[in-house]
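S.K.: This is the structure I want to talk about, given as structure tokens.
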Amino acid sequence: MAAAVVPEQRPESDPYLRVRDLRVRFDTEDGVVQAVDGLSFAVQRGRTLGIVGESGSGKSVTGLAVLGLHNAKRTRIEGEILVGGRNVVGMREEEVSRLRGRDMAMIFQDPLSALHPYYTVGRQIAEAYRVHHPKAGRRQAWERAVEMLARVGIPQPARRARQYPHEFSGGMRQRVMIAMALVNNPDLLIADEPTTALDVTVQAQILDLLADLQAEFHSAIILITHDLGVVSQVADDVLVMYAGRCVEHGTVEQVLRRPQHPYTWGLLSSVPSLHGDADADLLPIPGNPPSLINVPSGCAFHPRCRYALRDGGPCDVEVPALLPVAEPGHGVACHLPPDDRVAIYRRDVASVGVAR
Amino acid sequence: MTPAPTAAEPGAAPPPLLTVEGLTKHFPVRSGAFGRKAFVRAVDGIDFEVRPGETLGLVGESGCGKSTTGRLLARLLEPTGGRITFDGRDITHLGRRELRPLRQQLQIIFQDPYASLNPRHTVGKIVAMPLMVNGIDPPGGIKRRVQELLEIVGLNPEHYNRYPHEFSGGQRQRIGIARALALRPKLIVADEPVSALDVSIQAQIINLLRGLQRELGLAFVFIAHDLAVVRHFCQRVAVMYLGKIVEIGDRDDIYTRPRHPYTRALLSAVPEVNGSARERIRLVGDVPTPLNPPSGCRFRTRCWKATEVCATREPPLVGDGDGTRAACHYPEQGPGQSVVDGREGAMEGRAS
């Protein structure tokens with residue numbers, strides 16, 4: 001598959017992160033799990049890429065691979081992950097950990113299990129700072145921690161820095177995580193379902209905060225989520241994953257307003273909306289996501305696809321390549337003829353669920 | 001306080017299947033260095049009713065008491081105060097034995113399809129259990145009834161002898177639904193039945209529940225934090241905040257003309273694929289602790305309209321004639337688009 005197909009819509013400035021033909025495999029007792037299978041994308045500074053998919057689509061595995069957090073003994077990673085020009089794949093652990101935290105950082109879904117319960121949050125943030133600033137004194141690191149807590153909107157930061165994670169509410173804990181991730185001014189931030197565990201009103205606060213911080217620090221952000229609403233609100237570009245592959249990518253406008261892949265259609269029409277006909281039935285995707293040990297032949301989505309060309313068609317035989325469609329930057333991996341896809345979308349999808 | 005009938009013509013409405021009056025649940029906890037006894041006021045005096053075949057949604061953020069309410073209704077928890085009347089009978093303090101016949105009428109579906117099924121039992125046994133416990137021998141035998149139930153919820157009846165771990169999350173939730181249907185209940189309490197599922201599976205389960213509700217005429221108390229899901233399933237909606245109902249009414253009224261500022265803020269905070277242009281109301285801070293809720297109106301600490309009276313006097317849950325009731329001293333008046341430009345709507349004076 002030609003790597004040239006993949007998001008290179010803005011060649012004028014070099015992307016900070018470039019992933020080329022990434023493959024991640026885990027050897028398990030039951031067989032080889034092909035979690036990511038030939039994924040390519042790029043993110044520039046100041047832009048947010050939303051990676052969307054259901055559980056087991058490989059979106060979190062991708063995030064962990066970029067950070068070099070997979071267990072090298074059990075994981076086979078191939079391809080290229082260029083972070084600011086340096087390839088993380090095959091890099092020695094000491095080198096990766098120098099990048100991690102300083103040049104790239106991660107925010108996890110569950111802040112309570114990502115923070116150490118035994119240390120105050122101020123100490124944990126200060127430690128994250130000192131690891132990459134060995135010359136900084138204790139006091140300086142502490143001041144930096146308090147400053148970061150203030151920056152992420154925690155009231156009375158000097159007092160709160162001396163408290164333990166359990167003394168914070170869910171939203172405040174997520175702010176602490178963000179403060180810790182940003183303490184070294186990373187150029188790349190990976191947020192894995194950062195608001196999934198939060199209530200909507202708190203989620204709105206955290207999403208606003210991430211947008212503000214991006215404007216200020218000008219970092220590249222990868223937002224991993226299953227929530228299309230969150231993506232449409234904060235991301236610039238979207239990559240839709242299914243069974244370890246990218247099935248559609250493009251700008252938010254392209255992928256969410258003019259989607260061309262049947263899986264993206266399925267996601268959009270199965271999400272209930274606050275608008276439109278509440279009594280109309282949702283249009284779920286039939287069946288279940290496939291096992292990554294035994295991925296369906298051809299297009300992995302074909303057993304669940306309403307429009308698959310089954311009678312001698314290529315869908316169950318040949319893996320569709322990710323090809324550009326009419327607009328620059330928009331790519332779709334589907335065997336259906338592009339004109340048919342546009343027609344089907346207008347006829348069946350555009351009026352249902354949140355796609356409306 | 002008896003809630004006013006919500007239907008337009010009170011005379012024609014059937015008697016409610018479930019009536020809840022002043023329902024309260026306080027959990028004792030120890031707090032402070034001296035082990036002083038305190039109470040988490042999880043549910044603090046709520047009233048509502050559910051008519052036969054009606055679906056009521058309970059929505060709110062974590063800690064608002066919606067799940068506790070569900071557990072009180074199914075009598076998995078003992079209420080601290082108030083009254084629950086089901087099918088004309090006071091069930092508030094029934095004992096274990098008296099509850100058994102009740103549980104044939106009133107079933108519960110849980111959120112976590114992994115924790116709510118016994119991993120050592122086959123699917124057949126799990127779904128048959130309610131029948132066996134109650135000594136019911138359906139015509140054609142238990143096995144036939146179970147297979148029929150599996151078919152109703154969209155599972156292969158031949159999977160009768162499989163174990164829960166052989167099923168995906170969505171399929172497990174279907175097993176839980178089959179189990180709840182086994183005794184032909186009149187009311188099902190569904191506690192976040194789809195929130196643990198992937199979106200594509202979530203839509204399958206919502207459609208299944210909707211179909212069952214229509215075909216079997218089931219009444220539902222549907223507990224969820226996802227406002228869009230509730231909109232697709234419920235005819236009436238109650239919004240909870242810190243153990244109180246702040247607004248209750250017909251679905252369309254709640255979603256298009258929210259009267260309580262909290263309802264409006266909640267709706268505006270939902271990120272929507274097609275809602276990018278909408279103005280979001282930024283609520284500051286978190287939900288206060290139910291150990292020591294704010295005086296007066298509990299929402300006042302995060303409300304942009306709060307004044308002195310909100311701190312001193314608790315607003316009653318009152319209606320304005322169209323069936324919706326809201327507990328606010330300064331209810332929103334905005335029309336359909338109030339979520340977009342409610343601030344203007346709220347400014348318009350109205351004779352009270």
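FYI, nothing fancy with the structure tokens labels: chains A, B, ... in order, residues from 1 per chain, ligands from 1 as they appear.
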Quick one: everything within 12 Å of Asp316 in chain A, counting only C-alpha atoms, minus sequence neighbours fewer than 2 positions away in the same chain. Send it as a compact mmCIF listing (two decimals) with N, CA and C atoms, in the first residue's frame.
M.R.:
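Dumped to selection07.txt:
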# COMPACT_ATOMS: atom_id res chain seq x y z
N VAL A 295 -9.05 -12.19 11.79
CA VAL A 295 -9.68 -11.08 11.11
C VAL A 295 -10.31 -11.59 9.81
N PRO A 296 -11.55 -11.15 9.49
CA PRO A 296 -12.19 -11.60 8.25
C PRO A 296 -11.32 -11.31 7.04
N SER A 297 -11.44 -12.16 6.03
CA SER A 297 -10.66 -11.97 4.80
C SER A 297 -11.13 -10.72 4.07
N GLY A 298 -10.30 -10.26 3.17
CA GLY A 298 -10.66 -9.09 2.38
C GLY A 298 -10.84 -7.87 3.26
N CYS A 299 -11.89 -7.10 3.01
CA CYS A 299 -12.20 -5.96 3.87
C CYS A 299 -12.73 -6.51 5.19
N ALA A 300 -12.08 -6.18 6.30
CA ALA A 300 -12.46 -6.77 7.59
C ALA A 300 -13.90 -6.43 7.96
N PHE A 301 -14.44 -5.39 7.37
CA PHE A 301 -15.79 -4.97 7.72
C PHE A 301 -16.86 -5.69 6.89
N HIS A 302 -16.45 -6.46 5.87
CA HIS A 302 -17.46 -6.96 4.93
C HIS A 302 -18.56 -7.81 5.56
N PRO A 303 -18.28 -8.62 6.62
CA PRO A 303 -19.40 -9.42 7.17
C PRO A 303 -20.49 -8.55 7.80
N ARG A 304 -20.15 -7.31 8.19
CA ARG A 304 -21.16 -6.46 8.83
C ARG A 304 -21.65 -5.37 7.88
N CYS A 305 -21.15 -5.36 6.67
CA CYS A 305 -21.44 -4.25 5.75
C CYS A 305 -22.72 -4.53 4.98
N TYR A 307 -23.58 -3.06 2.36
CA TYR A 307 -23.43 -2.78 0.93
C TYR A 307 -22.34 -3.62 0.28
N ALA A 308 -21.80 -4.58 1.04
CA ALA A 308 -20.68 -5.35 0.50
C ALA A 308 -21.07 -6.02 -0.80
N LEU A 309 -20.15 -6.03 -1.75
CA LEU A 309 -20.36 -6.70 -3.03
C LEU A 309 -19.99 -8.16 -2.80
N ARG A 310 -21.01 -8.99 -2.65
CA ARG A 310 -20.74 -10.36 -2.23
C ARG A 310 -20.61 -11.34 -3.39
N ASP A 311 -21.38 -11.14 -4.44
CA ASP A 311 -21.39 -12.14 -5.51
C ASP A 311 -20.16 -11.99 -6.38
N GLY A 312 -19.12 -12.67 -5.96
CA GLY A 312 -17.89 -12.59 -6.73
C GLY A 312 -17.20 -11.24 -6.61
N GLY A 313 -17.74 -10.40 -5.76
CA GLY A 313 -17.14 -9.07 -5.59
C GLY A 313 -15.83 -9.15 -4.85
N PRO A 314 -15.10 -8.08 -4.83
CA PRO A 314 -13.79 -8.12 -4.20
C PRO A 314 -13.83 -8.02 -2.67
N GLU A 318 -10.25 -9.27 -1.26
CA GLU A 318 -9.13 -8.36 -1.40
C GLU A 318 -9.23 -7.26 -0.35
N VAL A 319 -8.12 -6.97 0.32
CA VAL A 319 -8.11 -5.87 1.28
C VAL A 319 -8.13 -4.56 0.50
N PRO A 320 -9.13 -3.70 0.74
CA PRO A 320 -9.20 -2.46 -0.04
C PRO A 320 -8.08 -1.49 0.36
N CYS A 334 -12.41 1.35 0.60
CA CYS A 334 -13.65 0.65 0.32
C CYS A 334 -13.69 0.28 -1.15
N HIS A 335 -14.22 -0.90 -1.45
CA HIS A 335 -14.27 -1.36 -2.83
C HIS A 335 -15.42 -0.77 -3.63
S.K.: Could you list, as a list in words, every residue within 12 Å of Lys73 in chain A, counting only C-alpha atoms and ignoring same-chain residues fewer than 6 positions away?
M.R.: Arg25, Phe26, Asp27 and Thr28 of chain A
S.K.: Contacts between chain A and chain B, please, where a residue of chain B counts if it comes within 6 Å (with only C-alpha atoms); show its shortest atom pair and distance in Å to one decimal, rows by chain and ascending number, as a tab-separated table.
M.R.:
residue	atom	partner	partner_atom	distance
B:Glu61	CA	A:Asp199	CA	5.7
B:Asp198	CA	A:Glu54	CA	5.9
B:Ser200	CA	A:Ile285	CA	5.3
B:Ala203	CA	A:Pro284	CA	5.0
B:Gln204	CA	A:Pro284	CA	5.4
B:Ala228	CA	A:Ser273	CA	5.1
B:Val229	CA	A:Pro272	CA	5.7
B:His232	CA	A:Ala278	CA	5.0
B:Ala269	CA	A:Thr201	CA	5.5
B:Pro271	CA	A:Gly229	CA	4.7
B:Glu272	CA	A:Gly229	CA	4.2
B:Val273	CA	A:Gly229	CA	4.4
S.K.: Can you tell me which residues surround Ser168 in chain B at a distance of at most 10 Å, considering only C-alpha atoms, apart from same-chain residues fewer than 2 positions away, and format the answer as a list of chain:residue names?
M.R.: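 Returned residues: A:Asn288, A:Pro289, B:Pro113, B:Tyr114, B:Pro164, B:His165, B:Glu166, B:Gly170, B:Gln171, B:Arg172, B:Gln173, B:Arg174, B:Leu197, B:Ile201.
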S.K.: Could you tell me which of A:Ala35, A:Ala128, A:Val255, A:Val88 comes closest to Arg23 in chain A if we count only C-alpha atoms?
M.R.: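 Closest to Arg23 in chain A, using only C-alpha atoms: A:Ala35.
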S.K.: Quick one: DSSP strand (DSSP E or B) residues in range 32-208 of chain B, as a PyMOL selection string?
M.R.: chain B and resi 36-50+55-59+81-86+89-90+106-109+187-191
S.K.: When you look at range 99-111 of chain B with a cut-off of 6 Å (counting only C-alpha atoms), what residues show up, excluding the ones that are within fewer than 5 positions of it in the same chain? I need them as an MDAnalysis selection string.
M.R.: chainID B and resid 94 180 183 185:193
S.K.: Record the distance separating CA of Gly329 in chain A and CA of Leu189 in chain A, expressed in Å with one decimal.
M.R.: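 Computed distance, CA of Gly329 in chain A to CA of Leu189 in chain A, equals 22.5 Å.
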S.K.: Which range 54-144 of chain B residues have any atom within 6 Å of an atom of range 22-31 of chain B, and for each, what is the nearest pair of atoms with distance in Å to one decimal, counting only C-alpha atoms, rows sorted by chain and number, as a tab-separated table?
M.R.:
residue	atom	partner	partner_atom	distance
B:Pro79	CA	B:Lys25	CA	5.3
B:Thr80	CA	B:Lys25	CA	4.7
B:Gly81	CA	B:Thr24	CA	4.8
B:Gly82	CA	B:Leu23	CA	4.1
B:Arg83	CA	B:Leu23	CA	5.9
S.K.: CA of Arg298 in chain B to CA of Glu247 in chain B: how many Å, to one decimal?
M.R.: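 A separation of 13.0 Å between them.
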S.K.: Can you work out which one of B:Glu215, B:Glu314, B:Glu308, B:Glu49 has the shortest atom-to-atom distance to Pro293 in chain B, counting only C-alpha atoms?
M.R.: B:Glu314
S.K.: Using only C-alpha atoms, determine which residues lie at most 12 Å from Pro338 in chain A, disregarding the query and same-chain residues fewer than 2 positions distant; provide the list as a list in words.
M.R.: Pro259, Gln260, His261, Pro262, Leu323, Pro324, Val325, Ala326, Glu327, Gly331, Val332, Ala333, Cys334, His335, Leu336, Asp340, Arg341, Val342, Ala343, Ile344 and Tyr345 of chain A
